[in-house]
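Q: Structure file run-v9.cif (mmCIF, C-alpha atoms and all ligand atoms) is given on the next line.
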data_structure
loop_
_atom_site.label_atom_id
_atom_site.label_comp_id
_atom_site.auth_asym_id
_atom_site.auth_seq_id
_atom_site.Cartn_x
_atom_site.Cartn_y
_atom_site.Cartn_z
CA MET A 1 14.06 -10.57 18.13
CA ASN A 2 12.70 -7.53 16.33
CA ILE A 3 8.91 -7.90 16.27
CA LYS A 4 6.92 -6.28 13.47
CA THR A 5 3.17 -5.80 13.17
CA SER A 6 1.14 -6.03 9.97
CA ALA A 7 -2.37 -4.55 10.11
CA SER A 8 -5.00 -6.61 8.28
CA LEU A 9 -7.25 -4.18 6.42
CA LEU A 10 -10.03 -6.75 6.47
CA ALA A 11 -11.01 -5.37 9.88
CA ALA A 12 -10.74 -1.73 8.77
CA ASP A 13 -13.55 0.57 7.69
CA LEU A 14 -13.56 -0.62 4.08
CA SER A 15 -15.40 2.48 2.92
CA ASP A 16 -12.36 4.57 3.82
CA LEU A 17 -9.13 2.63 3.29
CA ARG A 18 -7.08 5.77 2.81
CA ARG A 19 -7.97 7.11 6.27
CA GLU A 20 -7.57 3.68 7.87
CA THR A 21 -4.10 3.32 6.36
CA ALA A 22 -3.16 6.75 7.73
CA ARG A 23 -4.37 5.61 11.14
CA CYS A 24 -2.02 2.60 10.96
CA ILE A 25 0.93 4.82 10.00
CA ASP A 26 0.21 7.16 12.94
CA ALA A 27 -0.06 4.18 15.30
CA GLY A 28 3.42 2.94 14.37
CA VAL A 29 2.31 -0.23 12.59
CA ASP A 30 5.12 -1.72 10.46
CA TRP A 31 3.32 -3.25 7.47
CA ILE A 32 -0.14 -3.25 5.87
CA HIS A 33 -1.63 -6.74 5.34
CA PHE A 34 -3.85 -7.03 2.27
CA ASP A 35 -6.06 -10.16 2.27
CA VAL A 36 -7.04 -11.24 -1.23
CA MET A 37 -9.87 -13.81 -1.43
CA ASP A 38 -11.25 -15.18 -4.70
CA GLY A 39 -14.45 -17.00 -3.66
CA GLN A 40 -12.84 -20.34 -4.57
CA PHE A 41 -9.85 -20.99 -2.34
CA VAL A 42 -12.04 -19.49 0.40
CA GLU A 43 -15.74 -18.58 0.35
CA GLN A 44 -15.52 -14.81 0.28
CA ILE A 45 -14.31 -12.32 -2.31
CA THR A 46 -12.48 -9.25 -1.00
CA TYR A 47 -10.36 -7.01 -3.22
CA GLY A 48 -7.54 -7.31 -5.74
CA ALA A 49 -4.63 -5.51 -7.37
CA PRO A 50 -6.64 -2.51 -8.69
CA VAL A 51 -7.60 -1.56 -5.12
CA LEU A 52 -4.02 -1.96 -3.87
CA LYS A 53 -2.78 0.23 -6.72
CA ARG A 54 -5.15 3.06 -5.72
CA LEU A 55 -4.01 2.80 -2.10
CA LYS A 56 -0.27 2.68 -2.85
CA PRO A 57 0.29 6.46 -3.22
CA TYR A 58 -1.13 7.01 0.28
CA CYS A 59 0.78 4.22 1.96
CA SER A 60 4.41 4.64 3.01
CA LEU A 61 4.44 1.23 4.71
CA PRO A 62 5.38 -2.06 3.03
CA LEU A 63 2.34 -3.76 1.46
CA ASP A 64 2.12 -7.38 2.58
CA VAL A 65 -0.22 -9.23 0.20
CA HIS A 66 -1.79 -12.51 1.37
CA LEU A 67 -3.20 -14.38 -1.64
CA MET A 68 -5.99 -16.73 -0.59
CA VAL A 69 -6.72 -17.65 -4.19
CA GLU A 70 -6.89 -20.92 -6.09
CA ASN A 71 -4.54 -19.77 -8.86
CA PRO A 72 -1.96 -17.31 -7.53
CA ALA A 73 0.28 -17.50 -10.62
CA ARG A 74 -1.85 -15.15 -12.68
CA GLN A 75 -2.05 -12.59 -9.84
CA ILE A 76 1.68 -12.13 -9.22
CA GLU A 77 2.34 -9.75 -12.13
CA PHE A 78 -0.78 -7.71 -11.33
CA PHE A 79 0.28 -7.21 -7.72
CA ALA A 80 3.88 -6.39 -8.68
CA GLU A 81 2.60 -3.70 -10.99
CA ALA A 82 0.24 -2.43 -8.29
CA GLY A 83 3.11 -1.89 -5.83
CA ALA A 84 3.13 -4.96 -3.56
CA ASP A 85 6.31 -5.37 -1.50
CA LEU A 86 5.76 -8.96 -0.39
CA ILE A 87 3.48 -11.71 -1.69
CA THR A 88 2.36 -14.78 0.24
CA ILE A 89 0.93 -17.72 -1.70
CA HIS A 90 -0.65 -20.79 -0.11
CA ILE A 91 1.04 -24.19 -0.31
CA GLU A 92 -2.47 -25.67 -0.74
CA SER A 93 -3.21 -23.62 -3.88
CA SER A 94 -3.01 -24.97 -7.44
CA CYS A 95 0.19 -23.68 -9.01
CA ASP A 96 3.84 -24.48 -9.59
CA LEU A 97 4.95 -23.27 -6.16
CA ALA A 98 8.67 -23.02 -6.93
CA ALA A 99 8.03 -21.12 -10.17
CA CYS A 100 5.68 -18.68 -8.42
CA LEU A 101 8.08 -18.03 -5.53
CA LYS A 102 10.93 -17.41 -7.99
CA ARG A 103 8.78 -15.08 -10.07
CA ILE A 104 7.83 -13.04 -6.99
CA ARG A 105 11.52 -12.44 -6.28
CA GLU A 106 12.39 -11.78 -9.93
CA LEU A 107 9.83 -8.98 -9.88
CA GLY A 108 11.63 -7.39 -6.92
CA MET A 109 9.29 -8.44 -4.14
CA ARG A 110 9.80 -10.61 -1.07
CA SER A 111 8.35 -14.12 -1.29
CA SER A 112 6.36 -16.08 1.24
CA LEU A 113 4.53 -19.37 1.56
CA ALA A 114 1.53 -19.98 3.86
CA VAL A 115 0.23 -23.14 5.55
CA LYS A 116 -3.37 -23.64 6.67
CA PRO A 117 -3.96 -25.12 10.16
CA ASP A 118 -4.25 -28.73 8.91
CA THR A 119 -1.13 -28.59 6.74
CA PRO A 120 2.05 -29.93 8.40
CA VAL A 121 4.77 -27.31 8.65
CA GLU A 122 7.37 -29.77 7.35
CA SER A 123 5.79 -29.37 3.91
CA VAL A 124 7.43 -25.94 3.52
CA TYR A 125 10.98 -27.10 4.25
CA GLU A 126 11.90 -27.87 0.64
CA TYR A 127 10.83 -24.34 -0.40
CA LEU A 128 12.79 -22.42 2.24
CA PRO A 129 15.62 -21.39 -0.17
CA LEU A 130 12.95 -19.62 -2.24
CA CYS A 131 11.18 -17.92 0.69
CA ASP A 132 11.81 -14.77 2.70
CA MET A 133 8.91 -15.56 5.03
CA ILE A 134 6.62 -18.42 6.05
CA LEU A 135 3.07 -17.66 7.19
CA VAL A 136 1.69 -20.10 9.75
CA MET A 137 -2.09 -19.55 9.81
CA THR A 138 -3.52 -19.43 13.33
CA VAL A 139 -7.13 -19.59 12.07
CA GLU A 140 -8.75 -21.20 9.03
CA PRO A 141 -8.33 -18.64 6.25
CA GLY A 142 -11.50 -16.96 5.04
CA TYR A 143 -12.73 -14.60 7.71
CA GLY A 144 -11.40 -11.98 10.10
CA GLY A 145 -12.38 -11.91 13.76
CA GLN A 146 -11.94 -15.64 14.50
CA GLY A 147 -10.38 -17.17 17.62
CA PHE A 148 -6.64 -17.94 17.72
CA ILE A 149 -5.82 -21.68 17.53
CA PRO A 150 -3.11 -22.27 20.20
CA GLU A 151 -2.36 -25.74 18.79
CA MET A 152 -0.50 -23.98 15.94
CA MET A 153 2.30 -22.86 18.26
CA PRO A 154 4.27 -26.14 18.11
CA LYS A 155 4.35 -25.66 14.30
CA VAL A 156 5.89 -22.21 14.71
CA LYS A 157 8.43 -23.50 17.21
CA LYS A 158 9.38 -26.44 15.01
CA LEU A 159 9.82 -24.19 11.99
CA ARG A 160 11.98 -21.69 13.88
CA GLU A 161 14.20 -24.50 15.17
CA TYR A 162 14.49 -26.05 11.72
CA ALA A 163 15.25 -22.68 10.09
CA ASP A 164 17.94 -21.84 12.64
CA ALA A 165 19.53 -25.28 12.27
CA HIS A 166 19.60 -25.08 8.46
CA LYS A 167 21.08 -21.60 7.89
CA PHE A 168 17.79 -19.78 7.42
CA GLN A 169 18.32 -17.58 10.46
CA ASN A 170 16.91 -14.55 8.63
CA LEU A 171 13.61 -16.24 7.83
CA ASP A 172 10.59 -14.20 8.89
CA ILE A 173 7.82 -16.24 10.48
CA GLN A 174 4.40 -14.62 10.32
CA VAL A 175 1.30 -15.62 12.27
CA ASP A 176 -2.15 -14.56 11.08
CA GLY A 177 -5.54 -14.91 12.74
CA GLY A 178 -6.81 -14.02 16.18
CA ILE A 179 -3.64 -12.14 17.19
CA ASN A 180 -4.19 -9.63 20.00
CA VAL A 181 -2.48 -8.61 23.23
CA LYS A 182 -3.58 -11.88 24.87
CA THR A 183 -2.38 -14.27 22.16
CA ALA A 184 0.71 -12.45 20.84
CA GLU A 185 2.95 -13.52 23.72
CA SER A 186 2.76 -17.24 22.91
CA ALA A 187 3.29 -16.53 19.19
CA LYS A 188 6.42 -14.51 19.92
CA SER A 189 7.85 -16.96 22.42
CA SER A 190 7.30 -19.76 19.87
CA GLY A 191 9.45 -17.89 17.34
CA ALA A 192 7.10 -15.76 15.25
CA ASN A 193 8.42 -12.25 14.48
CA ILE A 194 5.72 -10.80 12.19
CA LEU A 195 2.30 -10.46 13.79
CA VAL A 196 -0.74 -9.88 11.60
CA ALA A 197 -3.59 -8.27 13.51
CA GLY A 198 -6.91 -7.14 12.09
CA THR A 199 -9.54 -6.99 14.81
CA GLY A 200 -6.86 -6.57 17.50
CA LEU A 201 -5.61 -3.30 15.98
CA PHE A 202 -8.61 -1.77 14.22
CA LYS A 203 -11.12 -2.42 16.99
CA ALA A 204 -8.78 -1.32 19.80
CA ASP A 205 -9.73 1.82 21.74
CA ASP A 206 -6.17 3.03 21.21
CA MET A 207 -4.47 1.52 18.16
CA LYS A 208 -1.08 3.00 19.04
CA ALA A 209 -1.11 1.50 22.55
CA GLU A 210 -2.30 -1.87 21.20
CA ASN A 211 0.47 -1.85 18.59
CA SER A 212 3.11 -1.06 21.22
CA VAL A 213 1.99 -3.96 23.38
CA LEU A 214 1.97 -6.34 20.40
CA LYS A 215 5.52 -5.29 19.57
CA GLY A 216 6.57 -5.70 23.19
CA LEU A 217 7.48 -2.01 23.54
CA SER A 218 5.14 -1.46 26.50
CA LYS A 219 2.74 -3.38 28.71
C1 LIG B 1 -7.98 -14.58 7.55
C2 LIG B 1 -7.04 -13.48 7.12
C3 LIG B 1 -6.49 -12.70 8.26
C4 LIG B 1 -7.52 -12.02 9.09
C5 LIG B 1 -6.93 -11.53 10.39
O1 LIG B 1 -8.38 -15.31 6.46
O2 LIG B 1 -5.95 -14.03 6.43
O3 LIG B 1 -5.50 -11.81 7.81
O4 LIG B 1 -8.10 -10.94 8.43
O5 LIG B 1 -7.91 -10.90 11.11
P1 LIG B 1 -8.04 -11.03 12.69
O6 LIG B 1 -6.81 -10.42 13.26
O7 LIG B 1 -9.28 -10.26 12.97
O8 LIG B 1 -8.17 -12.49 13.00
ZN ZN B 2 -4.20 -12.70 6.09
#
Give the structure from this file in C-alpha cells form.
Ligand code: DX5
Ligand code: ZN
A:
Amino acid sequence: MNIKTSASLLAADLSDLRRETARCIDAGVDWIHFDVMDGQFVEQITYGAPVLKRLKPYCSLPLDVHLMVENPARQIEFFAEAGADLITIHIESSCDLAACLKRIRELGMRSSLAVKPDTPVESVYEYLPLCDMILVMTVEPGYGGQGFIPEMMPKVKKLREYADAHKFQNLDIQVDGGINVKTAESAKSSGANILVAGTGLFKADDMKAENSVLKGLSK
C-alpha cells in the first residue's frame, strides 16, 4: 500500500509557518495537516481559514484540514475559499453529517469523517459512500505531543476489512496522534495509509530521514 505522510503544523514553529511548510516540502512530506480548534469541541483555539489562505501561495502540497469544531457546517465554505484540498469533520460534532460531507465534495474537495477514541468505528459505516477518507484518532483530540493509544489499532483493522469487503477499496484511512517511527509500523500493518505526524516530524533531528522511515522507504 502506498503510504503518505501529513505533517501536523501544530508542532511547527508557529511564528514562521511559511518556512516550516518549506521544510516539509524539502523533506518529502506528502500533505500538510492543519488542525483547527474552536475552544468548544476541544479546549484550545488554534487557527482558521484566514491563516490557511495566507499560507496557500507558499504551499504546493495538498492541505488536509482537520476541523475539531462544534459546528463544522459554517466553516466548510470558508476553507474551500481559502484553498483546502480535503476537509475532515468529526462524527461527534453538531451538524448534519451527510449534508456537510456532500457539500465538501460539491465544492471540489475530498471529504473525510473522524472518530474520537471512544467512538466505535462502526458508526462511520453508513457514511462511507460520502467519504474519501476516515480519520481514526489515536489520541484524544485537543493537543499535540500526546502518547499513541495502541488500543485504536483493532478499529483501524476492522474498518479496513469492512471497506475492502464493501467495495470501498480506495478508502484512505488516516491515523492522527502520537505517530512516530516507533508507532507507525502497527498503524500501517493494521491498514492505515495516511500518517499524520506533528512532533514526530517537526522535532526530529532530520525530518527527511524521519519521513522516509514513516513511509517505509528506509529504515
Ligand atoms: C490532535 C491533533 C493532531 C496532533 C498530532 O488534536 O489532531 O493532529 O497535532 O500531533 P502529534 O503527532 O504531536 O501527536
Ligand atoms: Zn489532527
Q: Choose the residue, out of A:Val42, A:Ile25, A:Ile194, A:Ile91, that has the smallest atom-to-atom separation from A:Tyr58; count only C-alpha atoms.
A: A:Ile25
Q: For the interface of chain A with ligand ZN 2 (chain B) (cut-off 6 Å, counting only C-alpha atoms and all ligand atoms), please tabulate each contacting residue of chain A alongside its nearest pair of atoms and their separation in Å to one decimal, rows sorted by chain and increasing number, as JSON lines.
A:
{"residue": "A:Asp35", "atom": "CA", "partner": "B:ZN2", "partner_atom": "ZN", "distance": 5.0}
{"residue": "A:His66", "atom": "CA", "partner": "B:ZN2", "partner_atom": "ZN", "distance": 5.3}
{"residue": "A:Asp176", "atom": "CA", "partner": "B:ZN2", "partner_atom": "ZN", "distance": 5.7}
Q: Counting all atoms listed in the file, which of A:Val181, A:Pro117, A:Ala49, A:Thr199 gets nearest to A:Leu217?
A: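 Nearest to A:Leu217: A:Val181.
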Q: Could you pull the residues within 12 Å of A:Lys116, counting only C-alpha atoms, minus those fewer than 6 positions along the same chain, as a PyMOL selection string?
A: chain A and resi 41-42+68+89-93+123-124+134-142+149+152+155+175-177
Q: Excluding A:Ile104 and any residue of its chain fewer than 6 positions from it, enumerate the residues within 12 Å of it, using all atoms listed in the file, and give them as a count of residues only.
A: 26
Q: Counting all atoms listed in the file, find residues at most 10 Å from (6.9, 3.1, 12.4) (file frame) and give them as a PDB file with C-alpha atoms, keeping the file's coordinate frame.
A:
ATOM      1  CA  LYS A   4       6.920  -6.280  13.470  1.00  0.00           C
ATOM      2  CA  THR A   5       3.170  -5.800  13.170  1.00  0.00           C
ATOM      3  CA  CYS A  24      -2.020   2.600  10.960  1.00  0.00           C
ATOM      4  CA  ILE A  25       0.930   4.820  10.000  1.00  0.00           C
ATOM      5  CA  ASP A  26       0.210   7.160  12.940  1.00  0.00           C
ATOM      6  CA  ALA A  27      -0.060   4.180  15.300  1.00  0.00           C
ATOM      7  CA  GLY A  28       3.420   2.940  14.370  1.00  0.00           C
ATOM      8  CA  VAL A  29       2.310  -0.230  12.590  1.00  0.00           C
ATOM      9  CA  ASP A  30       5.120  -1.720  10.460  1.00  0.00           C
ATOM     10  CA  TRP A  31       3.320  -3.250   7.470  1.00  0.00           C
ATOM     11  CA  SER A  60       4.410   4.640   3.010  1.00  0.00           C
ATOM     12  CA  LEU A  61       4.440   1.230   4.710  1.00  0.00           C
TER      13      LEU A  61
END
